[in-house]
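A quick write-up on the structure given underneath.
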Amino acid sequence: MLSRFFSYYKPYKWLFILDFSCAVLVGILELAFPLAVNHVIDQLLPRGNWSIIILACVILLLIYMFNTVLHYIVTYWGHKLGINIETDMRQKLFTHMQKLSFNYYDNNKTGHSISRLTKDLEEIGEVAHHGPEDVFVACMTLLGSFIIMLTINWKLAVLSFIVIPFLIVLAIYFNKKMTVTFRRMFHNVAELNSRVEDSIGGIRVVQAFANEKHEQNKFRENNDHYRTTKLQSYKIMAQNITANYLLMRLVTLFTLLFGTYFVIINELTYGEFVAFILLANILIGPIQKINAVIESYPKGIAGFKRYTEVIDTDPDIQDTPGAVHKDLDGSIEYEDVTFGYEGI
């Protein structure tokens with residue numbers, strides 16, 4: 001399924017390369033600041049050379065300005081990539097729906113079709129932009145931080161990263177739960193749309209028979225189902241975010257506690273200690289990116305699965321390529337034609 005999803009990137013491969021490259025550079029430059037602070041505290045500060053310190057700060061300012069430009073490219077052009085893919089999918093789905101047989105529409109409510117064209121595809125744009133990019137950059141930043149920490153003090157690096165495996169396990173666990181919940185939520189949205197379409201479309205009949213109360217009760221039932229499913233999704237998100245918040249603060253706490261000990265026994269300099277604290281805080285960014293992907297990925301994949309269900313539905317009658325008859329005489333004859341309704 002992923003290979004099929006990534007096939008939609010082909011028309012925009014250069015835009016994807018631009019967005020992905022800038023995102024990688026942003027991640028690399030974020031790791032430069034703790035190293036610069038380490039150098040200033042341990043090397044430049046003891047010398048007392050103010051001019052060199054000013055020069056180092058100017059260089060850091062230029063790096064930040066360059067990083068700002070990269071952030072703009074990733075934010076705007078990255079979202080443009082996602083929107084383009086979402087638009088292509090929506091156009092392809094609508095074109096395919098135009099070819100489907102009456103049998104399909106007899107067995108599928110109009111509200112479901114509307115939902116597949118709108119709500120189901122909303123998160124696909126976000127997944128197309130943030131999915132591969134954020135996961136790769138987050139993993140790269142985590143690995144880069146760990147390597148830098150190892151070069152400074154391998155003992156403190158291991159102690160700081162001891163929580164990371166638990167974060168990975170939590171990510172996998174909550175991703176599975178949210179995928180099921182969001183798929184159910186999309187179904188409930190489709191049911192809600194169908195209820196609105198049926199009720200509003202037949203409003204003359206509803207009012208003629210004074211049936212408003214019955215329609216309100218049916219709508220309330222669908223609305224409550226949607227509310228319940230949405231609350232379940234936010235409950236899972238809250239559990240995930242809360243657990244990740246606690247574990248990430250434990251990383252900072254471990255770094256502070258054991259880092260102080262290594263400074264006292266002269267195995268760590270003040271500059272290295274501050275660099276470790278900054279690197280531990282940088283870890284929060286990648287974890288937040290992964291959490292965002294965990295939130296949007298199940299929505300996008302659930303929507304994509306519902307999208308492919310329709311795309312993979314073949315019309316009952318298909319035209320043969322190049323089927324053009326050149327010798328028509330104007331008369332029509334019906335042979336072996338049947339008509340009927342499906343049994344209920």
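Going through the structure tokens in order, the chains are called A, B, and so on, while each chain numbers its residues from 1 and the ligands are numbered from 1 in the order shown.
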
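When the distance limit is 9 Å and only C-alpha atoms are what count, the residues near Leu170 in chain A, minus those fewer than 4 positions from it on the same chain, are Pro165, Phe166, Phe174, Asn175, Asn240, Ala243 and Asn244 of chain A.
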
Quick one: contact table of range 103-178 of chain A to range 260-278 of chain A, 8 Å max, nearest atom pair and distance in Å to one decimal per residue, counting only C-alpha atoms, chain and number order, as a tab-separated table?
residue	atom	partner	partner_atom	distance
A:Met149	CA	A:Phe276	CA	6.8
A:Ile152	CA	A:Glu272	CA	6.8
A:Asn153	CA	A:Leu268	CA	7.3

Can you write just those residues out, C-alpha atoms, as a short mmCIF file (atom, residue, chain, number, x, y, z; two decimals), in the first residue's frame?
data_model
loop_
_atom_site.label_atom_id
_atom_site.label_comp_id
_atom_site.auth_asym_id
_atom_site.auth_seq_id
_atom_site.Cartn_x
_atom_site.Cartn_y
_atom_site.Cartn_z
CA MET A 149 26.72 12.78 23.04
CA ILE A 152 31.49 13.93 24.55
CA ASN A 153 30.80 11.31 27.23
#

Could you give me, as a PyMOL selection string, the residues within 10 Å of Ile236 in chain A, counting only C-alpha atoms and dropping anything in the same chain fewer than 6 positions from it?
chain A and resi 174-175+177-178+181+242+295

With C-alpha atoms retained, write the just-selected residues as a short mmCIF file (atom, residue, chain, number, x, y, z; two decimals), in the first residue's frame.
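Once written, out28.cif looks like this:
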data_model
loop_
_atom_site.label_atom_id
_atom_site.label_comp_id
_atom_site.auth_asym_id
_atom_site.auth_seq_id
_atom_site.Cartn_x
_atom_site.Cartn_y
_atom_site.Cartn_z
CA PHE A 174 -0.65 4.06 19.97
CA ASN A 175 -0.31 4.09 16.18
CA LYS A 177 -4.94 1.97 18.30
CA MET A 178 -5.40 5.28 16.49
CA THR A 181 -10.25 4.54 15.81
CA THR A 242 1.07 12.54 28.36
CA GLU A 295 -1.64 11.60 15.05
#
